[in-house]
Structure formats: C-alpha cells, structure tokens
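> Before we start, here is the structure in question, set down as structure tokens.
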Amino acid sequence: MTTFFLARHGETVWHADHRYAGNSDVALTRHGLGQAAALGAWAVDSQLDAIVASPLSRAQRSAAPAAETTGLPVRSEPRLVEIDFGDAEGLTPDELVEQYPDEWAAFCRAPASNPFPGGETGRAGIARAVPVFDELVEEFPDGRVLIVAHATLIRLLFCELAGMDPDGYRDLLPVLGNCHVTTIVYPWATESDASHHPRIRLLGYDVPPWHAKM
C-alpha cells in the first residue's frame with residue numbers, strides 16, 4: 001500500500017469571486033504563494049518519495065516549495081489536470097445561473113455526470129486520473145507520494161476510491177482548503193464492483209470552514 005498526500009493548489013486570482021477554473025491557467029495570489037510555502041514547510045518532515053503535480057501553473061507553483069524543502073523534483077502529470085468546465089470556465093455560479101440555467105440545474109443534480117457545455121464529465125476525469133495512482137503504487141510500493149492537483153478532481157477521485165457515488169461529491173465534500181492535505185492509503189482493497197467497495201483508507205482530511213462550495 002502507498003500513502004498519498006492529496007493537496008489542492010494555493011489560492012488563485014479567481015478564487016475570491018468563486019470563478020470556475022478548470023484547464024484555464026490561472027495565477028496564484030500572494031496569499032496562494034504563502035499557502036504553497038506552508039505546504040513546503042509541511043513537506044520537510046513528511047518523508048516523501050515523490051512529488052507529482054498537475055501541469056497547470058497554479059499546481060506547479062504550489063508544489064515548488066515542497067520540492068525545494070525535500071530536494072525532490074516535481075513530476076508533471078497531465079492526467080491530473082482539473083476537469084475542463086467548458087463554457088463555464090471563468091464564470092461564477094450566479095453568471096452560470098443566468099447564462100446556462102438548464103445546464104447549471106443539471107450539473108447541480110449530478111455534477112460528475114452532467115458537464116457544462118463544451119466541458120468534460122467528472123467521470124471522464126476520474127477515468128484518466130485513477131491510472132496515475134495505480135502506476136505510482138507500482139513504482140512506490142509502501143511509499144509516500146505528494147500529489148498537488150485541483151479541488152474538483154481530488155474530490156471526485158476521493159468519492160470514487162472511497163466507494164461513494166461521485167455525483168455526490170459537492171455535498172459530501174463541499175470544501176477543500178487550498179494547500180490543505182488529505183491523506184489516504186491506496187489500494188486498501190483491490191476489489192471494486194458496482195456496489196462501490198472502498199479502495200482507500202482515509203488517514204486525514206483537513207479543511208478550513210470558510211470556503212464556498214464549488
């Protein structure tokens with residue numbers, strides 16, 4: 001079994017307005033850079049074997065301090081990029097309600113199954129990202145790996161691997177703090193079927209209470 005530390009990137013310039021940032025390359029704020037530095041300080045005593053990050057600059061910049069404090073390189077993994085929100089990229093929930101009322105309603109009912117126009121389903125994101133975990137388990141059996149990625153993708157993956165319906169990710173995991181670490185052991189169980197048997201063991205989940213649900 002491999003221990004994975006899942007961290008969302010730091011705060012971005014779209015964060016305050018709750019704008020959807022999928023595959024858009026959005027910069028970190030000064031506060032986000034500070035959050036990344038705190039993640040780097042956390043990594044000092046984490047005994048990591050690898051650091052893997054989404055190729056988007058907000059994830060790469062958030063992973064950089066951990067690389068500096070551990071001496072490990074940041075491995076860029078394109079399959080860990082955020083869900084593509086299509087026409088919703090850069091829009092707020094209020095703007096989506098106004099411009100795409102039917103699509104927004106469908107997304108709220110089943111967000112892993114109903115993408116925004118021109119976007120990617122959450123289930124497709126799960127399908128591309130889970131093999132990354134399997135490959136890292138093969139490379140680092142009983143290892144410790146930091147993954148720096150994105151809020152929606154991490155929550156979707158957590159639901160899938162924990163044996164829960166990914167369409168419930170916004171209710172089950174309404175917040176995921178920037179640069180806060182969720183710790184899982186994977187694979188906890190190797191069998192998975194339609195009844196959603198859990199494949200991970202949750203060792204830690206740390207989020208602040210003030211973030212809005214996205």
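By order of appearance in the structure tokens: chains A, B, ..., then residues from 1 within every chain, and ligands from 1 in the order shown.
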Could you give me, as a PyMOL selection string, the residues within 8 Å of Glu120 of chain A, counting only C-alpha atoms and dropping anything in the same chain fewer than 4 positions from it?
chain A and resi 83-86+115-116+124-125
> Compile the contact shell of Ala151 of chain A as an MDAnalysis selection string: residues with an atom at most 10 Å away, counting only C-alpha atoms, same-chain residues fewer than 5 positions apart removed.
chainID A and resid 6:9 21:22 82:83 156 173:178 214
> Let's have the selection written as an mmCIF file, in the first residue's frame, with C-alpha atoms.

```cif
data_model
loop_
_atom_site.group_PDB
_atom_site.id
_atom_site.type_symbol
_atom_site.label_atom_id
_atom_site.label_comp_id
_atom_site.auth_asym_id
_atom_site.auth_seq_id
_atom_site.Cartn_x
_atom_site.Cartn_y
_atom_site.Cartn_z
ATOM 1 C CA LEU A 6 -3.518 14.993 -1.824
ATOM 2 C CA ALA A 7 -3.215 18.784 -1.839
ATOM 3 C CA ARG A 8 -5.204 21.361 -3.727
ATOM 4 C CA HIS A 9 -3.130 24.198 -5.180
ATOM 5 C CA ALA A 21 -11.112 27.413 -13.183
ATOM 6 C CA GLY A 22 -10.712 24.093 -14.903
ATOM 7 C CA GLU A 82 -8.509 19.862 -13.430
ATOM 8 C CA ILE A 83 -11.835 18.956 -15.011
ATOM 9 C CA LEU A 156 -14.180 13.188 -7.466
ATOM 10 C CA LEU A 173 -17.007 17.205 0.321
ATOM 11 C CA PRO A 174 -18.297 20.781 -0.032
ATOM 12 C CA VAL A 175 -14.922 22.362 0.753
ATOM 13 C CA LEU A 176 -11.296 21.551 0.094
ATOM 14 C CA GLY A 177 -8.879 24.075 1.521
ATOM 15 C CA ASN A 178 -6.049 25.453 -0.579
ATOM 16 C CA MET A 214 -17.874 24.927 -5.943
#
```
> From segment 11-208 of chain A, collect each residue whose DSSP state is helix (DSSP H, G or I) and return the set as a ChimeraX atom specification.
/A:30-43,57-70,78-80,86-88,93-99,101-109,122-139,151-161,166-172
> Smallest atom-to-atom distance to Val132 of chain A: which of A:Ala162, A:Leu80, A:Ala64, A:Leu72, using only C-alpha atoms?
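For Val132 of chain A, the nearest of the given residues is A:Leu80.
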> Have a look at A:Gly168, A:Pro65, A:Pro198, A:Pro55 and name the one nearest to Trp42 of chain A; count only C-alpha atoms.
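Looking at the shortest contact to Trp42 of chain A, the residue is A:Pro65.
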> For Thr92 of chain A, which of A:Val145, A:Trp104, A:Thr3, A:Leu157 is the closest residue, counting only C-alpha atoms?
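Counting only C-alpha atoms, the residue closest to Thr92 of chain A is A:Trp104.
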> What does the distance between atom CA of Gln60 of chain A and atom CA of Ile147 of chain A come to in Å, to one decimal place?
10.5 Å
> Restricting the calculation to only C-alpha atoms, which member of A:His31, A:Arg155, A:Arg19, A:Arg170 is positioned closest to Ala110 of chain A?
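Ranking A:His31, A:Arg155, A:Arg19, A:Arg170 by distance to Ala110 of chain A, first place goes to A:Arg170.
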> Atom CA of Leu48 of chain A and atom CA of Asp142 of chain A are how many Å apart?
11.1 Å
> Run DSSP on the backbone and give me the residues of segment 25-129 of chain A it puts in strand (DSSP E or B), as a PyMOL selection string.
chain A and resi 28+50-53+74-76
> Kindly save the residues from that selection, with C-alpha atoms included, as a short mmCIF file (atom, residue, chain, number, x, y, z; two decimals), in the first residue's frame.

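The new file part05.cif reads:
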```cif
data_model
loop_
_atom_site.label_atom_id
_atom_site.label_comp_id
_atom_site.auth_asym_id
_atom_site.auth_seq_id
_atom_site.Cartn_x
_atom_site.Cartn_y
_atom_site.Cartn_z
CA LEU A 28 -1.76 32.27 -7.67
CA ALA A 50 7.90 11.63 -4.87
CA ILE A 51 6.04 14.85 -5.70
CA VAL A 52 3.61 14.74 -8.62
CA ALA A 53 1.59 17.71 -9.84
CA VAL A 74 8.20 17.98 -9.27
CA ARG A 75 6.94 15.40 -11.74
CA SER A 76 4.39 16.90 -14.13
#
```
> Env of segment 43-46 of chain A: 12 Å cut, atoms = only C-alpha atoms, seq-sep filter 3 positions within chain, self excluded. Answer as a PyMOL selection string.
chain A and resi 3-5+7+36-40+49-51+62-72+143-147+179-181+183
> Just write the chosen residues, N, CA and C atoms, as a tab-separated table (two decimals), in the first residue's frame.

```
chain	number	residue	atom	x	y	z
A	3	THR	N	1.03	5.48	0.60
A	3	THR	CA	0.37	6.62	1.24
A	3	THR	C	0.44	7.81	0.29
A	4	PHE	N	-0.73	8.37	-0.01
A	4	PHE	CA	-0.83	9.54	-0.86
A	4	PHE	C	-1.28	10.74	-0.05
A	5	PHE	N	-0.61	11.85	-0.27
A	5	PHE	CA	-1.00	13.12	0.34
A	5	PHE	C	-1.56	13.99	-0.79
A	7	ALA	N	-3.14	17.37	-2.18
A	7	ALA	CA	-3.21	18.78	-1.84
A	7	ALA	C	-3.77	19.57	-3.02
A	36	ALA	N	1.38	27.92	-0.51
A	36	ALA	CA	2.34	26.99	-1.11
A	36	ALA	C	3.59	26.87	-0.24
A	37	ALA	N	4.04	28.00	0.31
A	37	ALA	CA	5.20	27.96	1.20
A	37	ALA	C	4.91	27.12	2.44
A	38	ALA	N	3.70	27.23	2.96
A	38	ALA	CA	3.32	26.42	4.12
A	38	ALA	C	3.31	24.94	3.78
A	39	LEU	N	2.87	24.60	2.56
A	39	LEU	CA	2.92	23.21	2.12
A	39	LEU	C	4.36	22.73	2.04
A	40	GLY	N	5.23	23.60	1.61
A	40	GLY	CA	6.64	23.26	1.56
A	40	GLY	C	7.21	23.00	2.94
A	49	ASP	N	8.61	10.26	-1.00
A	49	ASP	CA	9.39	9.58	-2.03
A	49	ASP	C	9.23	10.24	-3.39
A	50	ALA	N	8.14	10.99	-3.58
A	50	ALA	CA	7.90	11.63	-4.87
A	50	ALA	C	6.91	12.77	-4.70
A	51	ILE	N	7.00	13.74	-5.61
A	51	ILE	CA	6.04	14.85	-5.70
A	51	ILE	C	5.53	14.87	-7.13
A	62	SER	N	2.50	25.68	-6.65
A	62	SER	CA	2.16	25.24	-5.29
A	62	SER	C	3.04	24.08	-4.84
A	63	ALA	N	3.49	23.27	-5.79
A	63	ALA	CA	4.35	22.13	-5.46
A	63	ALA	C	5.81	22.53	-5.31
A	64	ALA	N	6.19	23.66	-5.88
A	64	ALA	CA	7.61	24.04	-5.93
A	64	ALA	C	8.26	24.16	-4.55
A	65	PRO	N	7.62	24.78	-3.55
A	65	PRO	CA	8.28	24.85	-2.24
A	65	PRO	C	8.52	23.48	-1.61
A	66	ALA	N	7.62	22.54	-1.83
A	66	ALA	CA	7.84	21.18	-1.31
A	66	ALA	C	9.04	20.54	-1.99
A	67	ALA	N	9.22	20.82	-3.27
A	67	ALA	CA	10.39	20.31	-3.97
A	67	ALA	C	11.66	20.93	-3.39
A	68	GLU	N	11.60	22.21	-3.07
A	68	GLU	CA	12.77	22.89	-2.53
A	68	GLU	C	13.15	22.35	-1.15
A	69	THR	N	12.16	22.07	-0.32
A	69	THR	CA	12.46	21.64	1.05
A	69	THR	C	12.82	20.16	1.14
A	70	THR	N	12.42	19.38	0.14
A	70	THR	CA	12.72	17.94	0.18
A	70	THR	C	13.84	17.53	-0.75
A	71	GLY	N	14.16	18.37	-1.73
A	71	GLY	CA	15.15	18.00	-2.73
A	71	GLY	C	14.62	17.09	-3.81
A	72	LEU	N	13.32	16.86	-3.82
A	72	LEU	CA	12.71	16.01	-4.84
A	72	LEU	C	12.24	16.87	-6.01
A	143	GLY	N	5.38	3.40	-0.47
A	143	GLY	CA	6.00	4.72	-0.50
A	143	GLY	C	5.06	5.81	-0.03
A	144	ARG	N	5.55	7.04	-0.12
A	144	ARG	CA	4.80	8.23	0.32
A	144	ARG	C	4.90	9.27	-0.80
A	145	VAL	N	3.74	9.64	-1.35
A	145	VAL	CA	3.71	10.48	-2.55
A	145	VAL	C	2.80	11.69	-2.31
A	146	LEU	N	3.32	12.88	-2.56
A	146	LEU	CA	2.52	14.10	-2.54
A	146	LEU	C	1.99	14.36	-3.94
A	147	ILE	N	0.67	14.55	-4.03
A	147	ILE	CA	0.04	14.91	-5.30
A	147	ILE	C	-0.58	16.30	-5.14
A	179	CYS	N	-4.08	24.07	-0.42
A	179	CYS	CA	-2.84	23.51	0.13
A	179	CYS	C	-3.05	22.75	1.44
A	180	HIS	N	-4.29	22.43	1.78
A	180	HIS	CA	-4.53	21.52	2.90
A	180	HIS	C	-4.39	20.09	2.39
A	181	VAL	N	-3.97	19.20	3.26
A	181	VAL	CA	-3.57	17.85	2.85
A	181	VAL	C	-4.61	16.82	3.28
A	183	THR	N	-4.96	12.75	3.44
A	183	THR	CA	-4.05	11.61	3.45
A	183	THR	C	-4.84	10.31	3.29
```
